[in-house]
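Student: What follows is a structure written as structure tokens; I'll ask about it next.
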Amino acid sequence: MLTGLAVEKLGAWFGQKQVLNGISMTIGPNLVTAVIGPSGCGKSTLIRCLNRLHETVPGARQSGRVLLDGQNIYLMDPVQVRRTIGMVFQKPNPFPSMSIYDNVAAGLRLNGIRERRPLDEIVEKSLRMAALWEEVNDRLDKPGISLSGGQQQRLCIARAIAIEPQVLLMDEPCSALDPISTAKIEELIQELKKALTIVIVTHNMQQAARVSDYTGFLLLGELIEFDETPKLFTNPRDKRTEDYITGRFG
Amino acid sequence: MRLNRYQRRRAVNVLVSALAFLCAAITIIPLLMILGHLLAQGAKAVNLDFFTQLPKPVGEVGGGMANAIVGTLILIGLACLVGLPIGIIGGIYLAEFGNNKTGWLVRFMSDVLNGTPSIVIGIFAYTVVVLPMKRFSALAGGFALGIIMIPTVIRATEELVKLVPTSVREAGLALGIPQWRVILRIVVPSAKTGIVTGVLLAVARIGGETAPLLFTAFGNQFWQQRLDQPIASLPVQVFTYAISPFEDWHRQAWAGALVLVAMILITSVLTRVVTRGQYRSMR
């Protein structure tokens, strides 16, 4: 049984500066939910609140609730939360001291799985899911950072899904990539959503329209509009959403 | 007019480049002179005996400093036992959690320690190790050298652990790995080659220390038996021989100095080789 997330009145601060204000949204299971908005609107902060990474920044705090299966993640152990809610970052960030294999196995190993057999199986399965297996299966012992940018990002996706999270957060996963790598990752998102719930932050509106089922438009820390993707893009209710998606500002 | 200005700029460029070269040359000259003099004086006395024989009593020609060479290595090993755990763990603390008053204090103290004359650290080791044990010992010498190592290792570790990008730490945390494990298994290994460099530099630094050993390790003329006994070391041996009135000892002192410098040089070269390590890029 898969789970979605419910965000309730989420607020977030860096020191005195409030960057998110009263965000409420429901993220459905096995759906792709996109968050769009101009730079600095709080998209990344929003997604980083969903796996409690926001609070690791000195001076950062948040309010409100995020429910996973009806349980508030802010009352759970953050380590446990992050095992259930995985994340892929804007810039590919494989562990520099580790091989391709070790990168994918890192989450499992550092969480206590050590036997070779199950590790081998999960590494292969994760790399296949991330559409990277064919390209790297003959050099799993090479450093992760020896791969190209697009491959590194898929390696990071493989690393994130190896611990079998229920939700995968993607913070502008394609913004550092070329169009071909981007297309590969968008394809991948469609595959992954069969197994997971996905939240993707992007400032590429076409991408949101292509990959997502629901889209939220964020502006200056407030959720202006949240709706099914086709509806939000073709028939927005709010003037500001319309202005943004038609390119009048952004 | 235009051409004139251009020519002037070129002239200034040449002048400043020449000055830079000159300064660089002046920096290297003393080093080359020391090395050249050492080679000229020391090479004559360096032979197989020097590396394999014990010192001979006064009056007998020949002998070597085998015990002092081994002694220096033992002292460095003991110093590492004291200095590395404290230095590396302290450096990790400063890099990961040191953004506060405690961190500032530790950093400041370590800088003060770095500036403390090594003979003062020798006196400290004399007071806390030699006096209670009632004898000079290898342990006391290693302790003194270990303390001298700490600030170098702390600062090198801190700087290099800090260089590991935040994105790598966040990637670890986002996998549901506890913070202590992220630091020990992901962040520190990423900074490994740099930390090794810092450690080797610290070793090179203490390898030539003489003053703190004079009244801790003291020195002897025999093979070392136990760590709680006085131990010979190259720098002290060189010092003792150099101030002696015997011609043969003077030659041996030159040889000892040459071997010591060679050992430190090898350590430095080793540092370069290690730094060229396989997974070089952090960014």
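So you can find residues: chains in the structure tokens are A, B, ... in the order shown, residues in each start at 1, and ligands are numbered from 1 in order.
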Residues of chain A within 7 Å of chain B, using only C-alpha atoms, as a list in words?

Tutor: Val79, Gln80, Arg82, Arg83, Gly86, Met87, Asn93, Phe95, Pro96, Ser97, Gly107, Leu110, Asn111 and Ala160 of chain A

Student: Please provide as a PyMOL selection string all residues within 7 Å of Gln90 in chain A, with the sequence filter that same-chain residues fewer than 4 positions apart are discarded (counting only C-alpha atoms).

Tutor: chain A and resi 171-173+175

Student: Output the selection as a PDB file, in the first residue's frame - N, CA and C atoms for each residue.

Tutor:
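Printed below is selection.pdb as written:
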ATOM      1  N   ASP A 171      14.556  17.746  -6.539  1.00  0.00           N
ATOM      2  CA  ASP A 171      14.726  19.199  -6.505  1.00  0.00           C
ATOM      3  C   ASP A 171      15.411  19.645  -7.798  1.00  0.00           C
ATOM      4  N   GLU A 172      14.640  20.074  -8.759  1.00  0.00           N
ATOM      5  CA  GLU A 172      15.163  20.461 -10.078  1.00  0.00           C
ATOM      6  C   GLU A 172      16.190  19.459 -10.601  1.00  0.00           C
ATOM      7  N   PRO A 173      15.791  18.214 -10.760  1.00  0.00           N
ATOM      8  CA  PRO A 173      16.777  17.166 -11.066  1.00  0.00           C
ATOM      9  C   PRO A 173      17.417  17.322 -12.446  1.00  0.00           C
ATOM     10  N   SER A 175      18.070  20.430 -14.000  1.00  0.00           N
ATOM     11  CA  SER A 175      18.488  21.794 -14.341  1.00  0.00           C
ATOM     12  C   SER A 175      19.973  21.851 -14.708  1.00  0.00           C
TER      13      SER A 175
END

Student: Need the shell around range 109-124 of chain B: protein/DNA/RNA residues with any atom at most 7 Å away, counting only C-alpha atoms. Skip same-chain ones fewer than 5 positions apart. Format as JSON, numbers by chain?

Tutor: {"B": [144, 151, 211, 212, 213, 215, 216]}

Student: Next, dump the selected residues to file, keeping only C-alpha atoms, as a PDB file, in the first residue's frame.

Tutor:
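The resulting file, result.pdb, is reproduced below:
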ATOM      1  CA  ALA B 144      56.272  15.980  23.593  1.00  0.00           C
ATOM      2  CA  PRO B 151      47.847  21.955  15.983  1.00  0.00           C
ATOM      3  CA  ALA B 211      64.878  20.878  21.753  1.00  0.00           C
ATOM      4  CA  PRO B 212      61.880  19.009  23.216  1.00  0.00           C
ATOM      5  CA  LEU B 213      63.824  15.747  23.103  1.00  0.00           C
ATOM      6  CA  PHE B 215      65.277  16.424  28.467  1.00  0.00           C
ATOM      7  CA  THR B 216      62.562  13.935  27.562  1.00  0.00           C
TER       8      THR B 216
END

Student: Taking the chain letters and numbering used in this document, name the residues of range 22-245 of chain A that DSSP puts in helix (DSSP H, G or I), as a PyMOL selection string.

Tutor: chain A and resi 43-49+54-56+73-75+78-84+100-109+116-129+133-136+144-146+149-162+179-192+205-211+229-234+239-245

Student: Which residues, written as a count of residues only, have at least one atom at most 10 Å from range 202-207 of chain A, with only C-alpha atoms counted and residues fewer than 5 positions away on the same chain left out?

Tutor: 26

Student: Separation of CA of Gly103 in chain B and CA of Gly146 in chain B, in Å?

Tutor: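 About the pair CA of Gly103 in chain B and CA of Gly146 in chain B: they are 21.3 Å apart.
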
Student: Counting only C-alpha atoms, figure out which residue out of B:Thr193, B:Gly77, B:Trp180, B:Ala202 gets nearest to Phe143 in chain B.

Tutor: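 Of B:Thr193, B:Gly77, B:Trp180, B:Ala202, the one nearest Phe143 in chain B, counting only C-alpha atoms, is B:Gly77.
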
Student: Excluding same-chain residues fewer than 2 positions from range 134-151 of chain A, what lies within 7 Å of it counting only C-alpha atoms, as a compact mmCIF listing (two decimals) with C-alpha atoms, in the first residue's frame?

Tutor:
# COMPACT_ATOMS: atom_id res chain seq x y z
CA PRO A 92 24.37 15.49 -9.16
CA PRO A 94 27.63 11.22 -5.93
CA PRO A 96 33.37 11.43 -4.23
CA MET A 98 33.05 5.86 -3.59
CA SER A 99 32.75 3.68 -6.68
CA ILE A 100 29.55 3.43 -8.71
CA TYR A 101 28.62 0.25 -6.87
CA ASN A 103 27.37 4.82 -4.19
CA LEU A 132 21.84 3.22 -16.02
CA GLN A 153 22.24 12.22 -11.84
CA ARG A 154 20.79 8.82 -12.73
CA LEU A 155 23.33 7.29 -10.35
CA LEU A 177 21.61 18.46 -17.55
CA SER A 181 19.73 13.42 -20.32

Student: As a list of chain:residue names, please: the residues near Gly62 in chain B (cut-off 8 Å, only C-alpha atoms, same-chain neighbours under 6 positions excluded).

Tutor: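 Close residues of Gly62 in chain B: B:Asp49, B:Pro55, B:Lys56, B:Asp248.
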
Student: Find the spatial neighbours of Ala12 in chain A, counting only C-alpha atoms, within a cut-off of 7 Å - ignore same-chain residues fewer than 3 positions away - and output them as a PyMOL selection string.

Tutor: chain A and resi 18-21+61-63

Student: Write the residues you've just listed into a file as a PDB file, in the first residue's frame, and include C-alpha atoms for each of them.

Tutor:
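Dumped to out-v8.pdb:
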ATOM      1  CA  GLN A  18      10.090  33.823   6.447  1.00  0.00           C
ATOM      2  CA  VAL A  19      10.301  31.925   3.164  1.00  0.00           C
ATOM      3  CA  LEU A  20       7.166  29.770   3.293  1.00  0.00           C
ATOM      4  CA  ASN A  21       3.784  30.804   4.589  1.00  0.00           C
ATOM      5  CA  ARG A  61      13.095  26.330  11.389  1.00  0.00           C
ATOM      6  CA  GLN A  62       9.558  25.497  10.311  1.00  0.00           C
ATOM      7  CA  SER A  63       6.018  25.239  11.606  1.00  0.00           C
TER       8      SER A  63
END

Student: If you measure from CA of Val61 in chain B to CA of Gly42 in chain B, what distance in Å do you get, rounded to one decimal?

Tutor: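 Result for CA of Val61 in chain B versus CA of Gly42 in chain B: 16.0 Å, one decimal.
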
Student: So which residues of range 15-144 of chain A fall under strand (DSSP E) by DSSP, listed as a ChimeraX atom specification?

Tutor: /A:17-27,32-36,60-68,71-72,85-88

Student: Write the residues of the preceding selection, restricted to C-alpha atoms, as a PDB file, in the first residue's frame.

Tutor:
ATOM      1  CA  LYS A  17      13.252  35.721   7.184  1.00  0.00           C
ATOM      2  CA  GLN A  18      10.090  33.823   6.447  1.00  0.00           C
ATOM      3  CA  VAL A  19      10.301  31.925   3.164  1.00  0.00           C
ATOM      4  CA  LEU A  20       7.166  29.770   3.293  1.00  0.00           C
ATOM      5  CA  ASN A  21       3.784  30.804   4.589  1.00  0.00           C
ATOM      6  CA  GLY A  22       0.776  28.587   5.283  1.00  0.00           C
ATOM      7  CA  ILE A  23       1.321  25.966   2.595  1.00  0.00           C
ATOM      8  CA  SER A  24      -1.325  23.237   2.510  1.00  0.00           C
ATOM      9  CA  MET A  25      -1.482  20.588  -0.177  1.00  0.00           C
ATOM     10  CA  THR A  26      -2.235  16.921  -0.620  1.00  0.00           C
ATOM     11  CA  ILE A  27       0.260  14.808  -2.504  1.00  0.00           C
ATOM     12  CA  VAL A  32       3.783  12.987  -9.785  1.00  0.00           C
ATOM     13  CA  THR A  33       3.257  16.326  -8.121  1.00  0.00           C
ATOM     14  CA  ALA A  34       5.174  19.272  -9.551  1.00  0.00           C
ATOM     15  CA  VAL A  35       5.959  22.531  -7.799  1.00  0.00           C
ATOM     16  CA  ILE A  36       6.666  25.453 -10.100  1.00  0.00           C
ATOM     17  CA  ALA A  60      16.433  27.374   9.861  1.00  0.00           C
ATOM     18  CA  ARG A  61      13.095  26.330  11.389  1.00  0.00           C
ATOM     19  CA  GLN A  62       9.558  25.497  10.311  1.00  0.00           C
ATOM     20  CA  SER A  63       6.018  25.239  11.606  1.00  0.00           C
ATOM     21  CA  GLY A  64       2.940  23.248  10.652  1.00  0.00           C
ATOM     22  CA  ARG A  65       2.572  19.557   9.945  1.00  0.00           C
ATOM     23  CA  VAL A  66       3.540  17.132   7.213  1.00  0.00           C
ATOM     24  CA  LEU A  67       1.611  13.869   7.429  1.00  0.00           C
ATOM     25  CA  LEU A  68       2.912  10.606   6.055  1.00  0.00           C
ATOM     26  CA  GLN A  71       1.662  10.473  11.019  1.00  0.00           C
ATOM     27  CA  ASN A  72       3.341  13.836  11.487  1.00  0.00           C
ATOM     28  CA  ILE A  85      11.192   9.857   1.844  1.00  0.00           C
ATOM     29  CA  GLY A  86      14.177   9.880  -0.510  1.00  0.00           C
ATOM     30  CA  MET A  87      15.630  12.840  -2.352  1.00  0.00           C
ATOM     31  CA  VAL A  88      17.452  13.715  -5.569  1.00  0.00           C
TER      32      VAL A  88
END

Student: To one decimal in Å, tell me the separation between CA of Ile147 in chain B and CA of Ala79 in chain B.

Tutor: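 Separation between CA of Ile147 in chain B and CA of Ala79 in chain B: 7.6 Å.
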